[in-house]
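Engineer: For reference, this is model.pdb, and it has PDB, C-alpha atoms and all ligand atoms.
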ATOM      1  CA  MET A   1      54.549 -44.163 147.598
ATOM      2  CA  HIS A   2      58.216 -43.697 146.823
ATOM      3  CA  PRO A   3      60.794 -46.042 148.490
ATOM      4  CA  ILE A   4      63.264 -43.208 149.089
ATOM      5  CA  GLU A   5      60.547 -41.024 150.611
ATOM      6  CA  ILE A   6      59.522 -43.922 152.881
ATOM      7  CA  ILE A   7      63.115 -44.400 154.112
ATOM      8  CA  ILE A   8      63.521 -40.652 154.752
ATOM      9  CA  ILE A   9      60.223 -40.548 156.701
ATOM     10  CA  ILE A  10      61.269 -43.545 158.850
ATOM     11  CA  ILE A  11      64.659 -41.969 159.672
ATOM     12  CA  LEU A  12      63.235 -38.478 160.306
ATOM     13  CA  GLY A  13      60.262 -39.926 162.224
ATOM     14  CA  SER A  14      62.443 -41.833 164.674
ATOM     15  CA  ALA A  15      64.752 -38.815 165.085
ATOM     16  CA  PHE A  16      61.686 -36.652 165.807
ATOM     17  CA  GLY A  17      60.452 -39.309 168.245
ATOM     18  CA  SER A  18      63.781 -39.107 170.043
ATOM     19  CA  PHE A  19      63.344 -35.315 170.368
ATOM     20  CA  PHE A  20      59.723 -35.733 171.559
ATOM     21  CA  ASN A  21      61.061 -37.960 174.371
ATOM     22  CA  VAL A  22      63.309 -35.102 175.471
ATOM     23  CA  CYS A  23      60.241 -32.780 175.472
ATOM     24  CA  ILE A  24      58.130 -35.328 177.398
ATOM     25  CA  TYR A  25      60.790 -35.570 180.105
ATOM     26  CA  ARG A  26      61.961 -31.942 180.267
ATOM     27  CA  LEU A  27      58.887 -29.721 179.598
ATOM     28  CA  PRO A  28      56.935 -30.711 182.767
ATOM     29  CA  ALA A  29      60.165 -30.285 184.778
ATOM     30  CA  LYS A  30      60.523 -26.794 183.215
ATOM     31  CA  LYS A  31      63.988 -27.679 181.850
ATOM     32  CA  SER A  32      65.424 -26.457 178.559
ATOM     33  CA  ILE A  33      64.668 -28.814 175.660
ATOM     34  CA  VAL A  34      67.863 -27.734 173.882
ATOM     35  CA  PHE A  35      70.627 -27.861 176.532
ATOM     36  CA  PRO A  36      72.283 -29.902 177.867
ATOM     37  CA  ALA A  37      72.629 -32.825 175.427
ATOM     38  CA  SER A  38      70.941 -36.159 176.251
ATOM     39  CA  HIS A  39      71.833 -37.495 179.667
ATOM     40  CA  CYS A  40      70.575 -40.142 182.087
ATOM     41  CA  PRO A  41      67.750 -38.671 184.256
ATOM     42  CA  GLU A  42      69.082 -40.601 187.271
ATOM     43  CA  CYS A  43      72.852 -40.080 187.289
ATOM     44  CA  SER A  44      73.100 -37.171 184.750
ATOM     45  CA  VAL A  45      75.912 -38.912 182.839
ATOM     46  CA  PRO A  46      75.793 -37.852 179.144
ATOM     47  CA  ILE A  47      74.538 -40.539 176.765
ATOM     48  CA  PRO A  48      77.064 -41.321 173.976
ATOM     49  CA  ILE A  49      75.836 -40.604 170.433
ATOM     50  CA  TRP A  50      75.801 -44.277 169.391
ATOM     51  CA  LEU A  51      73.447 -45.130 172.291
ATOM     52  CA  ASN A  52      71.245 -42.204 171.294
ATOM     53  CA  ILE A  53      70.224 -43.820 167.996
ATOM     54  CA  PRO A  54      66.425 -44.328 168.252
ATOM     55  CA  ILE A  55      65.331 -47.846 169.338
ATOM     56  CA  ILE A  56      68.734 -49.367 168.366
ATOM     57  CA  GLY A  57      70.427 -47.503 171.245
ATOM     58  CA  TYR A  58      67.730 -48.777 173.624
ATOM     59  CA  LEU A  59      68.272 -52.376 172.451
ATOM     60  CA  ILE A  60      72.099 -52.156 172.662
ATOM     61  CA  SER A  61      71.961 -50.770 176.215
ATOM     62  CA  LYS A  62      69.256 -53.375 177.084
ATOM     63  CA  GLY A  63      66.987 -50.603 178.391
ATOM     64  CA  LYS A  64      69.417 -49.596 181.159
ATOM     65  CA  CYS A  65      71.829 -46.733 181.793
ATOM     66  CA  LYS A  66      75.418 -47.980 181.222
ATOM     67  CA  GLN A  67      76.659 -45.929 184.172
ATOM     68  CA  CYS A  68      74.151 -46.368 187.011
ATOM     69  CA  ASP A  69      72.139 -49.366 185.724
ATOM     70  CA  SER A  70      68.826 -47.523 186.253
ATOM     71  CA  LYS A  71      66.026 -48.561 183.912
ATOM     72  CA  ILE A  72      65.198 -46.334 180.914
ATOM     73  CA  HIS A  73      61.474 -45.493 180.936
ATOM     74  CA  TRP A  74      59.342 -47.441 178.435
ATOM     75  CA  HIS A  75      58.066 -44.268 176.780
ATOM     76  CA  TYR A  76      61.505 -43.788 175.126
ATOM     77  CA  PRO A  77      61.395 -46.807 172.749
ATOM     78  CA  LEU A  78      57.591 -46.528 172.407
ATOM     79  CA  VAL A  79      57.661 -42.897 171.186
ATOM     80  CA  GLU A  80      60.644 -43.653 168.910
ATOM     81  CA  PHE A  81      58.522 -46.410 167.362
ATOM     82  CA  ILE A  82      55.046 -44.831 167.109
ATOM     83  CA  THR A  83      56.290 -41.495 165.695
ATOM     84  CA  PRO A  84      57.655 -42.918 162.387
ATOM     85  CA  VAL A  85      54.645 -45.290 162.194
ATOM     86  CA  LEU A  86      52.160 -42.388 162.463
ATOM     87  CA  PHE A  87      54.212 -40.307 159.999
ATOM     88  CA  LEU A  88      54.155 -43.229 157.517
ATOM     89  CA  LEU A  89      50.379 -43.709 157.892
ATOM     90  CA  LEU A  90      49.941 -39.994 157.215
ATOM     91  CA  TYR A  91      52.221 -40.224 154.170
ATOM     92  CA  ALA A  92      50.279 -43.239 152.849
ATOM     93  CA  ARG A  93      47.066 -41.221 153.204
ATOM     94  CA  LEU A  94      48.210 -37.843 151.825
ATOM     95  CA  GLY A  95      51.571 -38.233 150.026
ATOM     96  CA  ILE A  96      53.979 -35.295 150.238
ATOM     97  CA  SER A  97      51.548 -32.361 150.257
ATOM     98  CA  ILE A  98      50.618 -29.281 152.287
ATOM     99  CA  PRO A  99      48.042 -31.202 154.390
ATOM    100  CA  PHE A 100      50.763 -33.829 155.066
ATOM    101  CA  PHE A 101      52.952 -31.193 156.736
ATOM    102  CA  GLN A 102      49.928 -29.610 158.426
ATOM    103  CA  TYR A 103      48.927 -32.853 160.149
ATOM    104  CA  LEU A 104      52.573 -33.805 160.760
ATOM    105  CA  ILE A 105      52.688 -30.770 163.079
ATOM    106  CA  LEU A 106      49.384 -31.701 164.742
ATOM    107  CA  PHE A 107      50.557 -35.306 165.290
ATOM    108  CA  SER A 108      53.916 -34.119 166.663
ATOM    109  CA  PHE A 109      52.365 -31.820 169.270
ATOM    110  CA  GLY A 110      49.759 -34.522 169.933
ATOM    111  CA  ILE A 111      52.329 -37.227 170.756
ATOM    112  CA  VAL A 112      54.108 -34.990 173.293
ATOM    113  CA  ILE A 113      50.792 -33.778 174.808
ATOM    114  CA  PHE A 114      49.532 -37.383 175.068
ATOM    115  CA  PHE A 115      52.410 -38.518 177.308
ATOM    116  CA  ILE A 116      52.821 -35.337 179.375
ATOM    117  CA  ASP A 117      49.084 -35.200 180.185
ATOM    118  CA  ALA A 118      48.956 -38.969 180.897
ATOM    119  CA  PHE A 119      52.002 -38.814 183.224
ATOM    120  CA  HIS A 120      51.531 -35.384 184.880
ATOM    121  CA  GLN A 121      47.871 -34.375 184.297
ATOM    122  CA  ILE A 122      48.924 -31.098 182.671
ATOM    123  CA  ILE A 123      49.054 -29.756 179.130
ATOM    124  CA  PRO A 124      51.761 -27.060 178.974
ATOM    125  CA  ASP A 125      50.671 -23.793 177.281
ATOM    126  CA  SER A 126      53.807 -24.032 175.130
ATOM    127  CA  LEU A 127      52.203 -27.091 173.465
ATOM    128  CA  SER A 128      48.486 -26.215 173.355
ATOM    129  CA  LEU A 129      48.536 -22.496 172.431
ATOM    130  CA  PRO A 130      50.783 -22.614 169.306
ATOM    131  CA  LEU A 131      48.322 -25.044 167.683
ATOM    132  CA  ILE A 132      45.724 -22.251 167.344
ATOM    133  CA  PRO A 133      47.785 -19.831 165.142
ATOM    134  CA  ILE A 134      49.485 -22.703 163.246
ATOM    135  CA  GLY A 135      46.066 -24.236 162.409
ATOM    136  CA  LEU A 136      44.752 -20.845 161.289
ATOM    137  CA  ILE A 137      47.805 -20.159 159.085
ATOM    138  CA  PHE A 138      47.530 -23.553 157.332
ATOM    139  CA  SER A 139      43.854 -22.875 156.529
ATOM    140  CA  LEU A 140      45.015 -19.823 154.522
ATOM    141  CA  LEU A 141      47.356 -21.854 152.290
ATOM    142  CA  PRO A 142      46.247 -23.157 148.880
ATOM    143  CA  MET A 143      45.256 -26.870 148.975
ATOM    144  CA  SER A 144      44.136 -26.513 152.583
ATOM    145  CA  SER A 145      41.368 -28.945 153.499
ATOM    146  CA  ILE A 146      39.363 -26.289 155.420
ATOM    147  CA  SER A 147      38.645 -22.560 154.921
ATOM    148  CA  PHE A 148      40.014 -19.870 157.220
ATOM    149  CA  ARG A 149      36.488 -19.061 158.411
ATOM    150  CA  ASN A 150      35.881 -22.716 159.289
ATOM    151  CA  SER A 151      39.208 -22.878 161.138
ATOM    152  CA  LEU A 152      38.558 -19.682 163.124
ATOM    153  CA  LEU A 153      34.923 -20.513 163.994
ATOM    154  CA  SER A 154      35.874 -24.042 165.069
ATOM    155  CA  ALA A 155      38.644 -22.770 167.337
ATOM    156  CA  ILE A 156      36.192 -20.338 168.984
ATOM    157  CA  ALA A 157      33.403 -22.949 169.175
ATOM    158  CA  GLY A 158      35.714 -25.543 170.785
ATOM    159  CA  PHE A 159      37.038 -23.004 173.265
ATOM    160  CA  LEU A 160      33.577 -21.704 174.247
ATOM    161  CA  LEU A 161      32.021 -25.171 174.551
ATOM    162  CA  PHE A 162      34.766 -26.529 176.820
ATOM    163  CA  PHE A 163      34.931 -23.267 178.776
ATOM    164  CA  LEU A 164      31.166 -23.398 179.461
ATOM    165  CA  LEU A 165      31.335 -27.105 180.361
ATOM    166  CA  SER A 166      34.213 -26.476 182.740
ATOM    167  CA  TRP A 167      32.489 -23.398 184.229
ATOM    168  CA  SER A 168      29.144 -25.133 184.816
ATOM    169  CA  TYR A 169      30.861 -28.193 186.303
ATOM    170  CA  MET A 170      32.718 -25.828 188.637
ATOM    171  CA  LYS A 171      29.400 -24.201 189.693
ATOM    172  CA  LEU A 172      27.725 -27.582 190.253
ATOM    173  CA  LYS A 173      30.474 -29.611 191.876
ATOM    174  CA  GLY A 174      32.904 -26.951 193.053
ATOM    175  CA  GLN A 175      35.819 -28.603 191.252
ATOM    176  CA  MET A 176      37.493 -28.396 187.870
ATOM    177  CA  GLY A 177      36.105 -30.868 185.340
ATOM    178  CA  LEU A 178      38.028 -29.910 182.249
ATOM    179  CA  GLY A 179      41.295 -28.100 182.915
ATOM    180  CA  GLY A 180      42.530 -24.910 181.244
ATOM    181  CA  GLY A 181      44.890 -27.059 179.158
ATOM    182  CA  ASP A 182      41.977 -29.070 177.736
ATOM    183  CA  ILE A 183      40.150 -25.855 176.770
ATOM    184  CA  LYS A 184      43.198 -24.477 174.893
ATOM    185  CA  LEU A 185      43.870 -27.862 173.253
ATOM    186  CA  ILE A 186      40.336 -28.235 171.862
ATOM    187  CA  ALA A 187      40.618 -24.700 170.391
ATOM    188  CA  GLY A 188      43.846 -25.768 168.643
ATOM    189  CA  ILE A 189      42.252 -28.984 167.374
ATOM    190  CA  GLY A 190      39.293 -26.931 166.064
ATOM    191  CA  ALA A 191      41.679 -24.586 164.230
ATOM    192  CA  PHE A 192      43.373 -27.592 162.555
ATOM    193  CA  LEU A 193      40.386 -29.820 161.770
ATOM    194  CA  GLY A 194      37.409 -27.499 161.230
ATOM    195  CA  ILE A 195      33.871 -28.010 162.484
ATOM    196  CA  ALA A 196      33.385 -31.621 161.251
ATOM    197  CA  GLY A 197      36.671 -32.648 162.875
ATOM    198  CA  LEU A 198      35.807 -30.788 166.073
ATOM    199  CA  ILE A 199      32.481 -32.620 166.449
ATOM    200  CA  PHE A 200      34.167 -35.944 165.617
ATOM    201  CA  VAL A 201      36.952 -35.380 168.181
ATOM    202  CA  ILE A 202      34.562 -34.340 170.975
ATOM    203  CA  LEU A 203      32.278 -37.361 170.386
ATOM    204  CA  VAL A 204      35.000 -39.980 169.865
ATOM    205  CA  SER A 205      37.241 -38.768 172.724
ATOM    206  CA  SER A 206      34.227 -38.770 175.087
ATOM    207  CA  ILE A 207      33.323 -42.324 174.072
ATOM    208  CA  ILE A 208      36.913 -43.622 174.476
ATOM    209  CA  GLY A 209      37.230 -41.651 177.743
ATOM    210  CA  ILE A 210      34.039 -43.105 179.238
ATOM    211  CA  ILE A 211      35.011 -46.656 178.215
ATOM    212  CA  THR A 212      38.449 -46.150 179.823
ATOM    213  CA  ILE A 213      36.916 -44.785 183.055
ATOM    214  CA  ILE A 214      34.714 -47.912 183.255
ATOM    215  CA  ILE A 215      37.545 -50.356 182.412
ATOM    216  CA  ILE A 216      40.106 -48.942 184.864
ATOM    217  CA  ARG A 217      37.323 -48.199 187.425
ATOM    218  CA  HIS A 218      38.632 -44.653 187.770
ATOM    219  CA  ASP A 219      37.558 -42.791 190.903
ATOM    220  CA  LEU A 220      35.763 -39.728 189.476
ATOM    221  CA  LYS A 221      36.770 -37.604 192.465
ATOM    222  CA  LYS A 222      40.368 -37.877 191.259
ATOM    223  CA  HIS A 223      41.744 -35.973 188.294
ATOM    224  CA  PHE A 224      41.283 -37.650 184.936
ATOM    225  CA  SER A 225      43.462 -36.683 181.946
ATOM    226  CA  PHE A 226      41.227 -35.991 178.966
ATOM    227  CA  GLY A 227      44.036 -34.723 176.667
ATOM    228  CA  PRO A 228      45.263 -38.182 175.567
ATOM    229  CA  PHE A 229      41.763 -39.079 174.337
ATOM    230  CA  MET A 230      41.489 -35.849 172.349
ATOM    231  CA  VAL A 231      44.864 -36.651 170.757
ATOM    232  CA  ILE A 232      43.803 -40.218 169.819
ATOM    233  CA  ALA A 233      40.496 -38.947 168.379
ATOM    234  CA  SER A 234      42.289 -36.247 166.331
ATOM    235  CA  ILE A 235      44.710 -38.809 164.862
ATOM    236  CA  LEU A 236      41.799 -41.173 164.079
ATOM    237  CA  TYR A 237      39.916 -38.328 162.363
ATOM    238  CA  VAL A 238      42.869 -37.341 160.174
ATOM    239  CA  LEU A 239      43.754 -40.923 159.183
ATOM    240  CA  TYR A 240      40.373 -42.663 159.066
ATOM    241  CA  GLY A 241      37.687 -40.010 159.782
ATOM    242  CA  ILE A 242      35.731 -40.410 156.574
ATOM    243  CA  ARG A 243      35.779 -44.214 156.831
ATOM    244  CA  ILE A 244      34.662 -44.181 160.476
ATOM    245  CA  ILE A 245      31.776 -41.792 159.681
ATOM    246  CA  ASP A 246      30.760 -43.956 156.687
ATOM    247  CA  LEU A 247      30.826 -47.091 158.826
ATOM    248  CA  TYR A 248      28.742 -45.406 161.508
ATOM    249  CA  ILE A 249      26.145 -44.192 159.008
ATOM    250  CA  SER A 250      25.963 -47.624 157.320
ATOM    251  CA  LEU A 251      25.064 -49.164 160.702
ATOM    252  CA  PHE A 252      21.895 -47.075 160.854
ATOM    253  CA  ILE A 253      20.854 -46.437 157.239
TER     254      ILE A 253
HETATM  255 ZN    ZN B 301      72.367 -43.256 184.788
END
Spit out the file's structure as structure tokens when you get a sec.
Ligand SMILES: [Zn+2]

Structural biologist:
Amino acid sequence: MHPIEIIIIIILGSAFGSFFNVCIYRLPAKKSIVFPASHCPECSVPIPIWLNIPIIGYLISKGKCKQCDSKIHWHYPLVEFITPVLFLLLYARLGISIPFFQYLILFSFGIVIFFIDAFHQIIPDSLSLPLIPIGLIFSLLPMSSISFRNSLLSAIAGFLLFFLLSWSYMKLKGQMGLGGGDIKLIAGIGAFLGIAGLIFVILVSSIIGIITIIIIRHDLKKHFSFGPFMVIASILYVLYGIRIIDLYISLFI
């Protein structure tokens, strides 16, 4: 752990978080994520650079647009906070290494997917599909934690399993259980994490999903976003997977 590296990761992480907020707001609305520059979603007035500084800008403007007084959504400061925190946890676990950058990409896509799926019940193809080739390419690099064969087989296994589940649910109930976005996302997660990670993510996301359905008393006839749980499980696997598996085994052996 190097102090200068930590400072750089905090600054870059919050800047990335700021960009992820733009993606979370604009991708579902099919707007460009590059142009125009940041503006208030309500009154379209451009946001001055000094109010665009992650978290600090939110605090200075007291969570409101200076022009029209409309409230700034809570996901803005939250994403600007959790992004550098997750990046730091990853750095503490892996240092600056190839796997660090590999999972940095997975976490980045994951954060954006988490909020878009939670808010809009969709996972855009532009977020789920790139994970498959990126995961495969990283498995080819030296120091990769999984082999190319593992990456490829896990992507196919994840895709087929979710496709079959979705297809049989459709036959039985006449409605979509898992959406197309979930099927593409699990293939991407498989490509990044390999077969052990794939099994972990499917089990853990199902457990967290079921607990959430019970707690919020979700009506199962309505659509339920599964993407956020897959994202949480993937992050848990990368950061604490080995420890969680060890703990689980020690409960029974
Ligand atoms: Zn405004």

Engineer: Run through the PyMOL selection byres (((chain A and resi 54) around 12) and not hetatm) on the given coordinates and return the selected residues as a ChimeraX atom specification.

Structural biologist: /A:10-21,49-53,55-61,63,75-84

Engineer: Quick one: distance from atom CA of Tyr237 of chain A to atom CA of Ala196 of chain A in Å, one decimal?

Structural biologist: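 Rounded to one decimal, the two atoms are 9.4 Å apart.
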
Engineer: Using all atoms listed in the file, which residues of the polymer chains come no farther than 10 Å from ligand ZN 301 (chain B)? I'd like the answer as a PDB file with C-alpha atoms, in the frame of the given file.

Structural biologist:
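result.pdb, written as the output of this step:
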ATOM      1  CA  HIS A  39      71.833 -37.495 179.667  1.00  0.00           C
ATOM      2  CA  CYS A  40      70.575 -40.142 182.087  1.00  0.00           C
ATOM      3  CA  PRO A  41      67.750 -38.671 184.256  1.00  0.00           C
ATOM      4  CA  GLU A  42      69.082 -40.601 187.271  1.00  0.00           C
ATOM      5  CA  CYS A  43      72.852 -40.080 187.289  1.00  0.00           C
ATOM      6  CA  SER A  44      73.100 -37.171 184.750  1.00  0.00           C
ATOM      7  CA  VAL A  45      75.912 -38.912 182.839  1.00  0.00           C
ATOM      8  CA  PRO A  46      75.793 -37.852 179.144  1.00  0.00           C
ATOM      9  CA  ILE A  47      74.538 -40.539 176.765  1.00  0.00           C
ATOM     10  CA  LYS A  64      69.417 -49.596 181.159  1.00  0.00           C
ATOM     11  CA  CYS A  65      71.829 -46.733 181.793  1.00  0.00           C
ATOM     12  CA  LYS A  66      75.418 -47.980 181.222  1.00  0.00           C
ATOM     13  CA  GLN A  67      76.659 -45.929 184.172  1.00  0.00           C
ATOM     14  CA  CYS A  68      74.151 -46.368 187.011  1.00  0.00           C
ATOM     15  CA  ASP A  69      72.139 -49.366 185.724  1.00  0.00           C
ATOM     16  CA  SER A  70      68.826 -47.523 186.253  1.00  0.00           C
ATOM     17  CA  LYS A  71      66.026 -48.561 183.912  1.00  0.00           C
ATOM     18  CA  ILE A  72      65.198 -46.334 180.914  1.00  0.00           C
TER      19      ILE A  72
END

Engineer: Write out as a list in words the residues lying within 10 Å of Tyr103 of chain A, counting all atoms listed in the file and excluding same-chain residues fewer than 6 positions away.

Structural biologist: Phe87, Leu90, Leu94, Phe109, Gly110, Gly135, Phe138, Phe192, Leu193, Ser234, Ile235, Val238 and Leu239 of chain A

Engineer: For Ile137 of chain A, work out the shell of residues within 10 Å, counting all atoms listed in the file and skipping chain neighbours fewer than 4 positions away, then give it as a list of chain:residue names.

Structural biologist: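 My list of contacting residues is A:Gln102, A:Leu131, A:Ile132, A:Pro133, A:Leu141, A:Ser144, A:Phe148, A:Ser151, A:Ala191, A:Phe192.
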
Engineer: Closest to Ser205 of chain A among A:Ile123, A:Ile189, A:Val231, A:Val112, using all atoms listed in the file?

Structural biologist: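 The shortest atom-to-atom distance to Ser205 of chain A comes from A:Val231.
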
Engineer: In Å, how far is it from atom CA of Val204 of chain A to atom CA of Ser225 of chain A?

Structural biologist: 15.1 Å

Engineer: Taking 6 positions as the minimum chain separation for residues in the same chain, which residues sit within 10 Å of Gly180 of chain A when counting all atoms listed in the file? Answer as an MDAnalysis selection string.

Structural biologist: chainID A and resid 122:125 128 159 162:163 166

Engineer: So the first atom is atom CA of Ala29 of chain A and the second is atom CA of Gly181 of chain A; what is the distance between them in Å, to one decimal place?

Structural biologist: 16.6 Å

Engineer: Pick out the closest residue to Val85 of chain A from this set: A:Leu129, A:Ile6, A:Leu251, A:Cys23. Count only C-alpha atoms.

Structural biologist: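 Ranking A:Leu129, A:Ile6, A:Leu251, A:Cys23 by distance to Val85 of chain A, first place goes to A:Ile6.
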
Engineer: I'd like to know which of A:Ile195, A:Met1, A:Ile214, A:Leu203 is closest to Arg93 of chain A, using only C-alpha atoms.

Structural biologist: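 Selected residue with least distance to Arg93 of chain A: A:Met1.
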
Engineer: Measuring between all atoms listed in the file, which one of A:Lys221, A:Asp182, A:Ser154, A:Phe35 shows the shortest distance to Phe114 of chain A?

Structural biologist: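 Answer, going by the shortest atom-to-atom distance: A:Asp182.
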
Engineer: Here is a test: counting only C-alpha atoms, which residue of A:Leu136, A:Ile111, A:Ala37, A:Leu88 is nearest to Gly188 of chain A?

Structural biologist: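 Looking at the shortest contact to Gly188 of chain A, the residue is A:Leu136.
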
Engineer: Hey, which of A:Ile245, A:Trp167, A:Ser126, A:Leu89 ends up closest to Ile33 of chain A? Count all atoms listed in the file.

Structural biologist: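 So, comparing all the options, the nearest one is A:Ser126.
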
Engineer: Is it possible to get the axis-aligned box enclosing segment 91-106 of chain A (all listed atoms, 6 Å extra per side) as AutoDock Vina command-line options, with centre and edge lengths in Å rounded to one decimal?

Structural biologist:
--center_x 50.5 --center_y -36.3 --center_z 157.4 --size_x 18.9 --size_y 26.0 --size_z 26.7
